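Shown below: entry-v4.txt, with compact mmCIF, N, CA and C atoms.
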# COMPACT_ATOMS: atom_id res chain seq x y z
N MET Z 5 0.07 -1.31 -6.76
CA MET Z 5 0.88 -0.58 -5.82
C MET Z 5 1.03 -1.31 -4.49
N ARG Z 6 0.00 -1.97 -4.02
CA ARG Z 6 0.10 -2.68 -2.74
C ARG Z 6 1.09 -3.83 -2.80
N LYS Z 7 1.15 -4.50 -3.93
CA LYS Z 7 2.11 -5.60 -4.10
C LYS Z 7 3.53 -5.07 -4.00
N CYS Z 8 3.78 -3.92 -4.62
CA CYS Z 8 5.09 -3.28 -4.56
C CYS Z 8 5.46 -2.93 -3.12
N MET Z 9 4.52 -2.41 -2.36
CA MET Z 9 4.78 -2.05 -0.97
C MET Z 9 5.08 -3.29 -0.14
N GLU Z 10 4.36 -4.36 -0.41
CA GLU Z 10 4.57 -5.61 0.31
C GLU Z 10 5.98 -6.15 0.06
N GLU Z 11 6.47 -5.99 -1.15
CA GLU Z 11 7.81 -6.47 -1.50
C GLU Z 11 8.90 -5.54 -0.95
N GLU Z 12 8.62 -4.26 -0.85
CA GLU Z 12 9.64 -3.29 -0.46
C GLU Z 12 9.82 -3.18 1.05
N PHE Z 13 8.75 -3.33 1.82
CA PHE Z 13 8.82 -3.14 3.27
C PHE Z 13 8.64 -4.46 4.00
N ASP Z 14 9.28 -4.55 5.16
CA ASP Z 14 9.17 -5.76 5.97
C ASP Z 14 7.89 -5.79 6.79
N LYS Z 15 7.48 -4.63 7.27
CA LYS Z 15 6.26 -4.55 8.07
C LYS Z 15 5.47 -3.31 7.67
N ILE Z 16 4.16 -3.47 7.62
CA ILE Z 16 3.27 -2.35 7.32
C ILE Z 16 2.19 -2.33 8.40
N TYR Z 17 2.09 -1.20 9.09
CA TYR Z 17 1.08 -1.04 10.13
C TYR Z 17 0.04 -0.03 9.64
N VAL Z 18 -1.23 -0.35 9.84
CA VAL Z 18 -2.31 0.55 9.46
C VAL Z 18 -3.15 0.80 10.70
N TYR Z 19 -3.25 2.07 11.09
CA TYR Z 19 -4.06 2.46 12.23
C TYR Z 19 -5.30 3.16 11.70
N ASN Z 20 -6.44 2.53 11.87
CA ASN Z 20 -7.70 3.09 11.41
C ASN Z 20 -8.29 3.91 12.54
N LEU Z 21 -8.28 5.24 12.39
CA LEU Z 21 -8.76 6.13 13.44
C LEU Z 21 -10.26 6.39 13.35
N ARG Z 22 -10.91 5.82 12.38
CA ARG Z 22 -12.37 5.85 12.25
C ARG Z 22 -12.97 7.24 12.40
N GLY Z 23 -12.56 8.16 11.57
CA GLY Z 23 -13.07 9.52 11.66
C GLY Z 23 -14.52 9.66 11.26
N ASN Z 24 -15.04 8.74 10.46
CA ASN Z 24 -16.39 8.87 9.94
C ASN Z 24 -17.37 8.05 10.78
N GLN Z 25 -17.69 8.51 11.96
CA GLN Z 25 -18.66 7.83 12.81
C GLN Z 25 -19.86 8.74 12.99
N ARG Z 26 -20.71 8.74 12.03
CA ARG Z 26 -21.87 9.63 12.05
C ARG Z 26 -22.99 9.11 12.95
N THR Z 27 -22.90 7.88 13.35
CA THR Z 27 -23.95 7.32 14.20
C THR Z 27 -23.50 7.33 15.65
N SER Z 28 -24.43 7.19 16.53
CA SER Z 28 -24.10 7.09 17.96
C SER Z 28 -24.39 5.68 18.43
N GLY Z 29 -24.10 4.71 17.59
CA GLY Z 29 -24.44 3.33 17.87
C GLY Z 29 -23.55 2.66 18.90
N GLU Z 30 -23.89 1.45 19.23
CA GLU Z 30 -23.18 0.67 20.24
C GLU Z 30 -21.73 0.42 19.84
N LEU Z 31 -21.47 0.17 18.55
CA LEU Z 31 -20.10 -0.10 18.09
C LEU Z 31 -19.21 1.12 18.32
N SER Z 32 -19.73 2.29 18.05
CA SER Z 32 -18.96 3.52 18.27
C SER Z 32 -18.61 3.69 19.75
N ARG Z 33 -19.55 3.46 20.62
CA ARG Z 33 -19.28 3.57 22.07
C ARG Z 33 -18.30 2.50 22.53
N LYS Z 34 -18.42 1.30 21.98
CA LYS Z 34 -17.55 0.20 22.36
C LYS Z 34 -16.10 0.49 21.98
N GLU Z 35 -15.90 1.20 20.86
CA GLU Z 35 -14.54 1.52 20.40
C GLU Z 35 -13.99 2.78 21.03
N GLY Z 36 -14.72 3.41 21.93
CA GLY Z 36 -14.20 4.57 22.63
C GLY Z 36 -14.78 5.89 22.18
N GLY Z 37 -15.78 5.86 21.35
CA GLY Z 37 -16.43 7.10 20.92
C GLY Z 37 -15.74 7.74 19.73
N LYS Z 38 -16.10 8.98 19.51
CA LYS Z 38 -15.61 9.71 18.34
C LYS Z 38 -14.28 10.37 18.67
N ILE Z 39 -13.23 9.96 18.01
CA ILE Z 39 -11.89 10.46 18.29
C ILE Z 39 -11.70 11.91 17.86
N PHE Z 40 -12.42 12.36 16.82
CA PHE Z 40 -12.28 13.72 16.31
C PHE Z 40 -13.47 14.59 16.67
N GLY Z 41 -14.28 14.18 17.60
CA GLY Z 41 -15.47 14.94 17.95
C GLY Z 41 -16.50 14.86 16.83
N SER Z 42 -17.38 15.83 16.78
CA SER Z 42 -18.43 15.79 15.76
C SER Z 42 -18.03 16.59 14.53
N GLY Z 43 -16.80 17.14 14.49
CA GLY Z 43 -16.40 18.00 13.39
C GLY Z 43 -15.90 17.30 12.15
N SER Z 44 -15.62 16.01 12.21
CA SER Z 44 -15.05 15.33 11.06
C SER Z 44 -15.97 14.24 10.54
N GLY Z 45 -16.21 14.27 9.24
CA GLY Z 45 -16.99 13.21 8.61
C GLY Z 45 -16.14 12.40 7.65
N THR Z 46 -14.82 12.60 7.72
CA THR Z 46 -13.90 11.94 6.80
C THR Z 46 -13.13 10.85 7.54
N PRO Z 47 -13.05 9.64 6.98
CA PRO Z 47 -12.24 8.59 7.61
C PRO Z 47 -10.76 8.97 7.63
N HIS Z 48 -10.05 8.57 8.67
CA HIS Z 48 -8.63 8.85 8.80
C HIS Z 48 -7.87 7.56 9.08
N CYS Z 49 -6.76 7.38 8.38
CA CYS Z 49 -5.87 6.24 8.62
C CYS Z 49 -4.45 6.75 8.70
N HIS Z 50 -3.65 6.07 9.50
CA HIS Z 50 -2.23 6.38 9.61
C HIS Z 50 -1.47 5.13 9.21
N TYR Z 51 -0.53 5.28 8.30
CA TYR Z 51 0.27 4.16 7.83
C TYR Z 51 1.69 4.30 8.33
N HIS Z 52 2.28 3.21 8.75
CA HIS Z 52 3.68 3.20 9.18
C HIS Z 52 4.36 2.04 8.46
N PHE Z 53 5.42 2.37 7.72
CA PHE Z 53 6.16 1.37 6.96
C PHE Z 53 7.52 1.15 7.61
N SER Z 54 7.89 -0.09 7.78
CA SER Z 54 9.15 -0.42 8.46
C SER Z 54 10.01 -1.30 7.56
N GLU Z 55 11.28 -0.94 7.49
CA GLU Z 55 12.24 -1.71 6.71
C GLU Z 55 13.37 -2.16 7.64
N GLU Z 56 13.63 -3.44 7.69
CA GLU Z 56 14.74 -3.95 8.49
C GLU Z 56 16.04 -3.64 7.77
N SER Z 57 17.06 -3.30 8.53
CA SER Z 57 18.35 -3.01 7.89
C SER Z 57 18.95 -4.32 7.37
N LYS Z 58 19.45 -4.25 6.18
CA LYS Z 58 20.03 -5.44 5.54
C LYS Z 58 21.54 -5.28 5.51
N LYS Z 59 22.18 -5.79 6.56
CA LYS Z 59 23.64 -5.65 6.69
C LYS Z 59 24.35 -6.83 6.10
Can you give me the file's structure in the form of structure tokens?
Amino acid sequence: MRKCMEEEFDKIYVYNLRGNQRTSGELSRKEGGKIFGSGSGTPHCHYHFSEESKK
């Protein structure tokens, strides 16, 4: 499926919102802390697919 997406779209953006930060480690603080508070233990990603117009 990923190969198909690569062929179909010109640009693919993936935003990893890091919902699963169960630790309070240095990496979590460096990245700005927990974006969803302490209520989410599930990772979250947002995908944006872009297609250039072919005129």
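Separating atom N of Phe13 in chain Z from CA of Ser54 in chain Z is a distance of 7.3 Å.
One finds atom N of Lys34 in chain Z at 18.5 Å from atom N of Thr46 in chain Z.
Excluding Asp14 in chain Z and any residue on its chain fewer than 4 positions from it, the residues at most 7 Å away by all atoms listed in the file are Met9, Glu10, Phe53, Ser54, Glu55 and Glu56 of chain Z.
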Exercise for the section: Work out how far atom C of His48 in chain Z is from atom C of Lys15 in chain Z, in Å to one decimal. Expected result: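 Those two atoms sit 17.3 Å apart.
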Hey, what's within 6.5 Å of Val18 in chain Z if we count all atoms listed in the file and toss same-chain stuff fewer than 3 positions away? As a list in words, please? Cys49, His50, Tyr51 and His52 of chain Z
